[in-house]
Structure formats: C-alpha cells, structure tokens
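Chemist: Structure supplied as target-v4.cif; contents: mmCIF, N, CA and C atoms.
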```cif
data_entry
loop_
_atom_site.label_atom_id
_atom_site.label_comp_id
_atom_site.auth_asym_id
_atom_site.auth_seq_id
_atom_site.Cartn_x
_atom_site.Cartn_y
_atom_site.Cartn_z
N MET O 1 8.23 60.66 -28.88
CA MET O 1 9.31 59.69 -28.78
C MET O 1 8.74 58.29 -29.03
N LEU O 2 9.62 57.42 -29.49
CA LEU O 2 9.24 56.07 -29.88
C LEU O 2 10.21 55.09 -29.26
N ARG O 3 9.69 53.94 -28.84
CA ARG O 3 10.54 52.85 -28.33
C ARG O 3 10.50 51.70 -29.31
N HIS O 4 11.67 51.16 -29.59
CA HIS O 4 11.85 49.99 -30.45
C HIS O 4 12.54 48.94 -29.59
N ILE O 5 11.85 47.83 -29.36
CA ILE O 5 12.36 46.78 -28.49
C ILE O 5 12.44 45.47 -29.27
N VAL O 6 13.58 44.79 -29.14
CA VAL O 6 13.77 43.50 -29.79
C VAL O 6 14.40 42.55 -28.77
N CYS O 7 13.89 41.32 -28.74
CA CYS O 7 14.48 40.26 -27.93
C CYS O 7 14.94 39.15 -28.87
N PHE O 8 16.13 38.63 -28.61
CA PHE O 8 16.77 37.64 -29.49
C PHE O 8 17.06 36.35 -28.74
N LYS O 9 16.79 35.22 -29.39
CA LYS O 9 17.32 33.92 -28.97
C LYS O 9 18.52 33.67 -29.87
N MET O 10 19.66 33.43 -29.25
CA MET O 10 20.90 33.28 -30.01
C MET O 10 21.26 31.80 -30.16
N ASP O 11 22.13 31.52 -31.14
CA ASP O 11 22.51 30.13 -31.42
C ASP O 11 23.46 29.55 -30.38
N THR O 12 24.29 30.38 -29.75
CA THR O 12 25.21 29.91 -28.71
C THR O 12 25.34 30.98 -27.62
N ALA O 13 25.78 30.55 -26.45
CA ALA O 13 26.02 31.50 -25.35
C ALA O 13 27.14 32.46 -25.73
N GLU O 14 28.15 31.96 -26.42
CA GLU O 14 29.25 32.82 -26.86
C GLU O 14 28.75 33.92 -27.79
N ASN O 15 27.87 33.58 -28.72
CA ASN O 15 27.34 34.59 -29.63
C ASN O 15 26.37 35.52 -28.94
N ALA O 16 25.72 35.08 -27.87
CA ALA O 16 24.89 35.98 -27.08
C ALA O 16 25.76 37.07 -26.44
N GLU O 17 26.91 36.68 -25.92
CA GLU O 17 27.84 37.66 -25.34
C GLU O 17 28.36 38.62 -26.41
N LYS O 18 28.71 38.09 -27.57
CA LYS O 18 29.17 38.94 -28.67
C LYS O 18 28.06 39.90 -29.10
N ALA O 19 26.82 39.41 -29.13
CA ALA O 19 25.69 40.25 -29.53
C ALA O 19 25.52 41.42 -28.57
N VAL O 20 25.65 41.17 -27.28
CA VAL O 20 25.53 42.24 -26.29
C VAL O 20 26.56 43.33 -26.57
N CYS O 21 27.81 42.94 -26.78
CA CYS O 21 28.87 43.91 -27.07
C CYS O 21 28.60 44.66 -28.37
N LEU O 22 28.17 43.94 -29.38
CA LEU O 22 27.91 44.56 -30.68
C LEU O 22 26.75 45.53 -30.61
N LEU O 23 25.68 45.14 -29.95
CA LEU O 23 24.52 46.04 -29.82
C LEU O 23 24.91 47.30 -29.04
N LYS O 24 25.68 47.14 -27.97
CA LYS O 24 26.14 48.30 -27.21
C LYS O 24 27.02 49.22 -28.04
N SER O 25 27.72 48.65 -29.02
CA SER O 25 28.62 49.45 -29.85
C SER O 25 27.88 50.43 -30.75
N MET O 26 26.56 50.33 -30.83
CA MET O 26 25.80 51.31 -31.63
C MET O 26 25.81 52.69 -30.97
N GLN O 27 26.02 52.73 -29.63
CA GLN O 27 26.08 54.01 -28.93
C GLN O 27 27.21 54.85 -29.52
N GLY O 28 26.86 56.02 -30.00
CA GLY O 28 27.85 56.91 -30.59
C GLY O 28 28.11 56.67 -32.07
N ARG O 29 27.71 55.51 -32.58
CA ARG O 29 27.89 55.20 -34.00
C ARG O 29 26.61 55.37 -34.80
N VAL O 30 25.47 55.29 -34.12
CA VAL O 30 24.17 55.46 -34.78
C VAL O 30 23.57 56.74 -34.20
N PRO O 31 23.71 57.85 -34.91
CA PRO O 31 23.36 59.15 -34.35
C PRO O 31 21.88 59.36 -34.04
N LEU O 32 21.00 58.58 -34.61
CA LEU O 32 19.57 58.76 -34.38
C LEU O 32 19.11 58.28 -33.00
N LEU O 33 19.92 57.46 -32.34
CA LEU O 33 19.53 56.89 -31.06
C LEU O 33 19.54 57.95 -29.97
N ARG O 34 18.40 58.08 -29.28
CA ARG O 34 18.30 58.98 -28.13
C ARG O 34 18.67 58.26 -26.84
N ALA O 35 18.42 56.95 -26.80
CA ALA O 35 18.80 56.11 -25.67
C ALA O 35 18.97 54.68 -26.18
N LEU O 36 19.85 53.94 -25.51
CA LEU O 36 20.14 52.56 -25.89
C LEU O 36 20.25 51.73 -24.62
N GLU O 37 19.52 50.62 -24.58
CA GLU O 37 19.61 49.66 -23.48
C GLU O 37 19.85 48.28 -24.07
N VAL O 38 20.78 47.56 -23.49
CA VAL O 38 21.08 46.20 -23.93
C VAL O 38 21.26 45.36 -22.68
N GLY O 39 20.69 44.16 -22.68
CA GLY O 39 20.83 43.28 -21.54
C GLY O 39 20.87 41.83 -21.94
N ARG O 40 21.38 41.01 -21.03
CA ARG O 40 21.49 39.57 -21.24
C ARG O 40 20.65 38.86 -20.18
N ASP O 41 19.84 37.92 -20.59
CA ASP O 41 19.01 37.14 -19.67
C ASP O 41 19.88 36.30 -18.74
N PHE O 42 19.48 36.21 -17.47
CA PHE O 42 20.22 35.39 -16.54
C PHE O 42 19.41 34.21 -16.02
N LEU O 43 18.10 34.15 -16.31
CA LEU O 43 17.29 33.04 -15.81
C LEU O 43 17.42 31.78 -16.66
N GLY O 44 17.42 31.96 -17.97
CA GLY O 44 17.54 30.81 -18.86
C GLY O 44 16.34 29.89 -18.85
N SER O 45 15.16 30.43 -18.58
CA SER O 45 13.96 29.59 -18.59
C SER O 45 13.57 29.25 -20.03
N ALA O 46 12.66 28.31 -20.17
CA ALA O 46 12.25 27.88 -21.51
C ALA O 46 11.66 29.02 -22.32
N ARG O 47 11.04 29.98 -21.68
CA ARG O 47 10.42 31.08 -22.42
C ARG O 47 11.31 32.32 -22.53
N SER O 48 12.50 32.25 -21.95
CA SER O 48 13.41 33.39 -21.98
C SER O 48 14.02 33.60 -23.36
N TYR O 49 14.28 34.86 -23.66
CA TYR O 49 15.11 35.22 -24.79
C TYR O 49 16.48 35.57 -24.22
N ASP O 50 17.52 35.47 -25.02
CA ASP O 50 18.88 35.64 -24.52
C ASP O 50 19.33 37.08 -24.39
N VAL O 51 18.93 37.91 -25.34
CA VAL O 51 19.44 39.28 -25.42
C VAL O 51 18.28 40.25 -25.64
N PHE O 52 18.35 41.37 -24.93
CA PHE O 52 17.35 42.44 -25.04
C PHE O 52 18.00 43.68 -25.64
N LEU O 53 17.28 44.31 -26.58
CA LEU O 53 17.68 45.60 -27.13
C LEU O 53 16.50 46.55 -27.01
N GLY O 54 16.73 47.70 -26.44
CA GLY O 54 15.73 48.75 -26.37
C GLY O 54 16.34 50.05 -26.83
N VAL O 55 15.76 50.67 -27.83
CA VAL O 55 16.25 51.97 -28.29
C VAL O 55 15.10 52.98 -28.27
N THR O 56 15.46 54.21 -28.01
CA THR O 56 14.52 55.31 -28.05
C THR O 56 14.90 56.20 -29.22
N LEU O 57 13.89 56.55 -30.01
CA LEU O 57 14.08 57.39 -31.20
C LEU O 57 13.05 58.51 -31.17
N ASP O 58 13.27 59.53 -31.97
CA ASP O 58 12.37 60.69 -31.97
C ASP O 58 10.96 60.37 -32.48
N ASP O 59 10.89 59.61 -33.59
CA ASP O 59 9.59 59.39 -34.23
C ASP O 59 9.70 58.27 -35.26
N ARG O 60 8.62 58.04 -35.99
CA ARG O 60 8.58 56.97 -36.99
C ARG O 60 9.61 57.20 -38.10
N ALA O 61 9.81 58.43 -38.50
CA ALA O 61 10.81 58.73 -39.52
C ALA O 61 12.21 58.35 -39.04
N ALA O 62 12.49 58.60 -37.77
CA ALA O 62 13.79 58.22 -37.20
C ALA O 62 13.93 56.69 -37.14
N LEU O 63 12.84 55.99 -36.83
CA LEU O 63 12.87 54.52 -36.84
C LEU O 63 13.17 54.01 -38.24
N ASP O 64 12.52 54.57 -39.24
CA ASP O 64 12.77 54.17 -40.63
C ASP O 64 14.22 54.42 -41.01
N ALA O 65 14.77 55.57 -40.61
CA ALA O 65 16.17 55.90 -40.91
C ALA O 65 17.11 54.97 -40.15
N TYR O 66 16.78 54.66 -38.91
CA TYR O 66 17.58 53.72 -38.10
C TYR O 66 17.66 52.36 -38.81
N GLN O 67 16.56 51.92 -39.40
CA GLN O 67 16.55 50.63 -40.09
C GLN O 67 17.43 50.64 -41.34
N ARG O 68 17.82 51.82 -41.80
CA ARG O 68 18.70 51.94 -42.97
C ARG O 68 20.11 52.42 -42.60
N ASP O 69 20.35 52.70 -41.34
CA ASP O 69 21.66 53.20 -40.91
C ASP O 69 22.77 52.23 -41.32
N PRO O 70 23.84 52.71 -41.94
CA PRO O 70 24.89 51.81 -42.43
C PRO O 70 25.52 50.92 -41.35
N TYR O 71 25.84 51.47 -40.19
CA TYR O 71 26.45 50.63 -39.14
C TYR O 71 25.44 49.60 -38.63
N HIS O 72 24.22 50.04 -38.41
CA HIS O 72 23.17 49.12 -37.95
C HIS O 72 22.97 48.00 -38.95
N CYS O 73 22.88 48.34 -40.23
CA CYS O 73 22.61 47.33 -41.27
C CYS O 73 23.81 46.45 -41.57
N ASP O 74 24.95 47.08 -41.86
CA ASP O 74 26.11 46.34 -42.36
C ASP O 74 26.83 45.55 -41.28
N THR O 75 26.82 46.04 -40.06
CA THR O 75 27.57 45.38 -38.98
C THR O 75 26.64 44.65 -38.02
N VAL O 76 25.72 45.37 -37.41
CA VAL O 76 24.89 44.78 -36.36
C VAL O 76 23.90 43.77 -36.93
N LYS O 77 23.09 44.18 -37.88
CA LYS O 77 22.08 43.26 -38.43
C LYS O 77 22.73 42.04 -39.09
N THR O 78 23.86 42.23 -39.74
CA THR O 78 24.53 41.10 -40.39
C THR O 78 24.87 40.02 -39.37
N PHE O 79 25.45 40.43 -38.24
CA PHE O 79 25.78 39.46 -37.18
C PHE O 79 24.51 38.86 -36.57
N MET O 80 23.55 39.72 -36.24
CA MET O 80 22.34 39.23 -35.57
C MET O 80 21.57 38.26 -36.46
N HIS O 81 21.45 38.55 -37.73
CA HIS O 81 20.73 37.65 -38.63
C HIS O 81 21.45 36.32 -38.80
N ALA O 82 22.77 36.34 -38.71
CA ALA O 82 23.54 35.11 -38.86
C ALA O 82 23.46 34.22 -37.61
N HIS O 83 23.24 34.82 -36.42
CA HIS O 83 23.34 34.06 -35.18
C HIS O 83 22.08 34.03 -34.31
N ALA O 84 21.06 34.78 -34.67
CA ALA O 84 19.81 34.74 -33.92
C ALA O 84 18.94 33.60 -34.44
N VAL O 85 18.49 32.76 -33.53
CA VAL O 85 17.60 31.66 -33.89
C VAL O 85 16.20 32.20 -34.12
N SER O 86 15.82 33.18 -33.29
CA SER O 86 14.53 33.84 -33.45
C SER O 86 14.58 35.19 -32.74
N SER O 87 13.59 36.01 -33.06
CA SER O 87 13.49 37.31 -32.40
C SER O 87 12.02 37.74 -32.38
N VAL O 88 11.73 38.61 -31.43
CA VAL O 88 10.40 39.25 -31.34
C VAL O 88 10.65 40.73 -31.12
N SER O 89 9.70 41.54 -31.58
CA SER O 89 9.89 42.98 -31.41
C SER O 89 8.56 43.67 -31.14
N VAL O 90 8.67 44.86 -30.60
CA VAL O 90 7.52 45.73 -30.40
C VAL O 90 8.01 47.16 -30.57
N ASP O 91 7.19 47.97 -31.21
CA ASP O 91 7.47 49.39 -31.42
C ASP O 91 6.25 50.16 -30.93
N PHE O 92 6.49 51.19 -30.11
CA PHE O 92 5.36 51.95 -29.58
C PHE O 92 5.76 53.39 -29.31
N MET O 93 4.76 54.24 -29.32
CA MET O 93 4.97 55.65 -29.02
C MET O 93 4.93 55.86 -27.51
N LEU O 94 5.81 56.68 -27.01
CA LEU O 94 5.81 57.04 -25.59
C LEU O 94 4.85 58.21 -25.38
N ASP O 95 4.21 58.22 -24.25
CA ASP O 95 3.28 59.31 -23.93
C ASP O 95 4.03 60.56 -23.53
#
```
Starting from the file, give its structure as structure tokens.

Modeler:
Amino acid sequence: MLRHIVCFKMDTAENAEKAVCLLKSMQGRVPLLRALEVGRDFLGSARSYDVFLGVTLDDRAALDAYQRDPYHCDTVKTFMHAHAVSSVSVDFMLD
C-alpha cells in the first residue's frame, strides 16, 4: 500500500472550504482510492497549510493511474491549480 499526502495553501478562506468539499467528492468517483482523508487547518499559524489531502492506493501503478483519473484531473486538479498558492506533498510505501 502507498500513501499520497498533499497540503495546500489556498488563495482565500472561501476557496479552502470549497477545496475540502471538492477533495471529499473524490470518494466514490475515483475508484483507485482505498482510503481518503481531507481536513482543514484550524490553527492558522504562519507555517500552517490550509487543506490536507491523504489518499491510500494499492501501489505505484495505482498512483500513476490516479494522477490520470478523469475526475481527479478535469475537476479536482483544475480547481486546486487555480486556487492553491502553494502545495507540498509526500508519497511513501506503508509497511
């Protein structure tokens, strides 16, 4: 199993809320996802990111396919790229 984690700084608080809803909407629409976690930061510190996305996938091939999934690409990524000021990510294998 593999974990794909992304944290986003959004352009506005309103778009951070929209991002949370949109990321959650991948559940059931992106069949490769084994688990989906989405959260919104509540501290608002200088080093905080606004939105957290964590997905669990079977393997590297599933991650590659996820990156090409039509709903993920056409709907989710389109919004996130338009409204995220910055993002960081990490991908790792689970033991």

Chemist: Can you work out the spacing between atom N of Asp74 in chain O and atom N of Ser87 in chain O in Å, to one decimal?

Modeler: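 Computing it gives 18.1 Å between the two atoms.
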
Chemist: Take the PyMOL selection byres (((chain O and resi 54-60 and name CA) around 8) and name CA), run it mentally on this structure, and tell me the resulting residues as a list in words.

Modeler: Met1, Leu2, Arg3, His4, Ile5, Val6, Leu32, Leu33, Arg34, Ala35, Leu36, Glu37, Val38, Phe52, Leu53, Ala61, Ala62, Leu63, Asp64 and Met93 of chain O

Chemist: Just how far from CA of Asp11 in chain O is CA of Gln67 in chain O, in Å to one decimal?

Modeler: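 One can read the CA of Gln67 in chain O to CA of Asp11 in chain O distance as 23.0 Å.
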
Chemist: Please give the complete set of residues from chain O that DSSP, run on the backbone, assigns to helix (DSSP H, G or I), formatted as a ChimeraX atom specification.

Modeler: /O:13-24,60-66,70-83

Chemist: Find the distance between CA of Val51 in chain O and atom C of Val30 in chain O and write it in Å to one decimal.

Modeler: 20.0 Å

Chemist: Run the PyMOL selection byres (((chain O and resi 22 and name CA) around 12) and name CA) on the file and write out the hits as a PDB file with N, CA and C atoms, keeping the file's coordinate frame.

Modeler:
```pdb
ATOM      1  N   ASN O  15      27.870  33.580 -28.720  1.00  0.00           N
ATOM      2  CA  ASN O  15      27.340  34.590 -29.630  1.00  0.00           C
ATOM      3  C   ASN O  15      26.370  35.520 -28.940  1.00  0.00           C
ATOM      4  N   ALA O  16      25.720  35.080 -27.870  1.00  0.00           N
ATOM      5  CA  ALA O  16      24.890  35.980 -27.080  1.00  0.00           C
ATOM      6  C   ALA O  16      25.760  37.070 -26.440  1.00  0.00           C
ATOM      7  N   GLU O  17      26.910  36.680 -25.920  1.00  0.00           N
ATOM      8  CA  GLU O  17      27.840  37.660 -25.340  1.00  0.00           C
ATOM      9  C   GLU O  17      28.360  38.620 -26.410  1.00  0.00           C
ATOM     10  N   LYS O  18      28.710  38.090 -27.570  1.00  0.00           N
ATOM     11  CA  LYS O  18      29.170  38.940 -28.670  1.00  0.00           C
ATOM     12  C   LYS O  18      28.060  39.900 -29.100  1.00  0.00           C
ATOM     13  N   ALA O  19      26.820  39.410 -29.130  1.00  0.00           N
ATOM     14  CA  ALA O  19      25.690  40.250 -29.530  1.00  0.00           C
ATOM     15  C   ALA O  19      25.520  41.420 -28.570  1.00  0.00           C
ATOM     16  N   VAL O  20      25.650  41.170 -27.280  1.00  0.00           N
ATOM     17  CA  VAL O  20      25.530  42.240 -26.290  1.00  0.00           C
ATOM     18  C   VAL O  20      26.560  43.330 -26.570  1.00  0.00           C
ATOM     19  N   CYS O  21      27.810  42.940 -26.780  1.00  0.00           N
ATOM     20  CA  CYS O  21      28.870  43.910 -27.070  1.00  0.00           C
ATOM     21  C   CYS O  21      28.600  44.660 -28.370  1.00  0.00           C
ATOM     22  N   LEU O  23      25.680  45.140 -29.950  1.00  0.00           N
ATOM     23  CA  LEU O  23      24.520  46.040 -29.820  1.00  0.00           C
ATOM     24  C   LEU O  23      24.910  47.300 -29.040  1.00  0.00           C
ATOM     25  N   LYS O  24      25.680  47.140 -27.970  1.00  0.00           N
ATOM     26  CA  LYS O  24      26.140  48.300 -27.210  1.00  0.00           C
ATOM     27  C   LYS O  24      27.020  49.220 -28.040  1.00  0.00           C
ATOM     28  N   SER O  25      27.720  48.650 -29.020  1.00  0.00           N
ATOM     29  CA  SER O  25      28.620  49.450 -29.850  1.00  0.00           C
ATOM     30  C   SER O  25      27.880  50.430 -30.750  1.00  0.00           C
ATOM     31  N   MET O  26      26.560  50.330 -30.830  1.00  0.00           N
ATOM     32  CA  MET O  26      25.800  51.310 -31.630  1.00  0.00           C
ATOM     33  C   MET O  26      25.810  52.690 -30.970  1.00  0.00           C
ATOM     34  N   GLN O  27      26.020  52.730 -29.630  1.00  0.00           N
ATOM     35  CA  GLN O  27      26.080  54.010 -28.930  1.00  0.00           C
ATOM     36  C   GLN O  27      27.210  54.850 -29.520  1.00  0.00           C
ATOM     37  N   ARG O  29      27.710  55.510 -32.580  1.00  0.00           N
ATOM     38  CA  ARG O  29      27.890  55.200 -34.000  1.00  0.00           C
ATOM     39  C   ARG O  29      26.610  55.370 -34.800  1.00  0.00           C
ATOM     40  N   VAL O  38      20.780  47.560 -23.490  1.00  0.00           N
ATOM     41  CA  VAL O  38      21.080  46.200 -23.930  1.00  0.00           C
ATOM     42  C   VAL O  38      21.260  45.360 -22.680  1.00  0.00           C
ATOM     43  N   GLY O  39      20.690  44.160 -22.680  1.00  0.00           N
ATOM     44  CA  GLY O  39      20.830  43.280 -21.540  1.00  0.00           C
ATOM     45  C   GLY O  39      20.870  41.830 -21.940  1.00  0.00           C
ATOM     46  N   VAL O  51      18.930  37.910 -25.340  1.00  0.00           N
ATOM     47  CA  VAL O  51      19.440  39.280 -25.420  1.00  0.00           C
ATOM     48  C   VAL O  51      18.280  40.250 -25.640  1.00  0.00           C
ATOM     49  N   LEU O  53      17.280  44.310 -26.580  1.00  0.00           N
ATOM     50  CA  LEU O  53      17.680  45.600 -27.130  1.00  0.00           C
ATOM     51  C   LEU O  53      16.500  46.550 -27.010  1.00  0.00           C
ATOM     52  N   TYR O  71      25.840  51.470 -40.190  1.00  0.00           N
ATOM     53  CA  TYR O  71      26.450  50.630 -39.140  1.00  0.00           C
ATOM     54  C   TYR O  71      25.440  49.600 -38.630  1.00  0.00           C
ATOM     55  N   HIS O  72      24.220  50.040 -38.410  1.00  0.00           N
ATOM     56  CA  HIS O  72      23.170  49.120 -37.950  1.00  0.00           C
ATOM     57  C   HIS O  72      22.970  48.000 -38.950  1.00  0.00           C
ATOM     58  N   ASP O  74      24.950  47.080 -41.860  1.00  0.00           N
ATOM     59  CA  ASP O  74      26.110  46.340 -42.360  1.00  0.00           C
ATOM     60  C   ASP O  74      26.830  45.550 -41.280  1.00  0.00           C
ATOM     61  N   THR O  75      26.820  46.040 -40.060  1.00  0.00           N
ATOM     62  CA  THR O  75      27.570  45.380 -38.980  1.00  0.00           C
ATOM     63  C   THR O  75      26.640  44.650 -38.020  1.00  0.00           C
ATOM     64  N   VAL O  76      25.720  45.370 -37.410  1.00  0.00           N
ATOM     65  CA  VAL O  76      24.890  44.780 -36.360  1.00  0.00           C
ATOM     66  C   VAL O  76      23.900  43.770 -36.930  1.00  0.00           C
ATOM     67  N   LYS O  77      23.090  44.180 -37.880  1.00  0.00           N
ATOM     68  CA  LYS O  77      22.080  43.260 -38.430  1.00  0.00           C
ATOM     69  C   LYS O  77      22.730  42.040 -39.090  1.00  0.00           C
ATOM     70  N   THR O  78      23.860  42.230 -39.740  1.00  0.00           N
ATOM     71  CA  THR O  78      24.530  41.100 -40.390  1.00  0.00           C
ATOM     72  C   THR O  78      24.870  40.020 -39.370  1.00  0.00           C
ATOM     73  N   PHE O  79      25.450  40.430 -38.240  1.00  0.00           N
ATOM     74  CA  PHE O  79      25.780  39.460 -37.180  1.00  0.00           C
ATOM     75  C   PHE O  79      24.510  38.860 -36.570  1.00  0.00           C
ATOM     76  N   MET O  80      23.550  39.720 -36.240  1.00  0.00           N
ATOM     77  CA  MET O  80      22.340  39.230 -35.570  1.00  0.00           C
ATOM     78  C   MET O  80      21.570  38.260 -36.460  1.00  0.00           C
TER      79      MET O  80
END
```

Chemist: From the set O:Arg40, O:Cys73, O:His83, O:Arg68, which residue has the shortest atom-to-atom contact distance to Met10 in chain O, counting only N, CA and C atoms?

Modeler: O:His83

Chemist: With 9 Å as the threshold, what does the neighbourhood of (12.6, 33.7, -30.0) contain in terms of residues, counting only C-alpha atoms? Coordinates are those of the file; answer as a list in words.

Modeler: Cys7, Phe8, Lys9, Met10, Arg47, Ser48, Tyr49, Asp50, Ala84, Val85, Ser86, Ser87 and Val88 of chain O

Chemist: Please give the complete set of residues from chain O that DSSP, run on the backbone, assigns to strand (DSSP E or B), formatted as a ChimeraX atom specification.

Modeler: /O:2-10,35-40,51-57,84-93

Chemist: Report, as JSON, the axis-aligned box around all atoms of range 35-42 of chain O present in the file, extended by 5 Å on each side; give centre and edge lengths in Å to one decimal place.

Modeler:
```
{"center_x": 20.0, "center_y": 45.6, "center_z": -21.4, "size_x": 13.1, "size_y": 32.7, "size_z": 20.8}
```
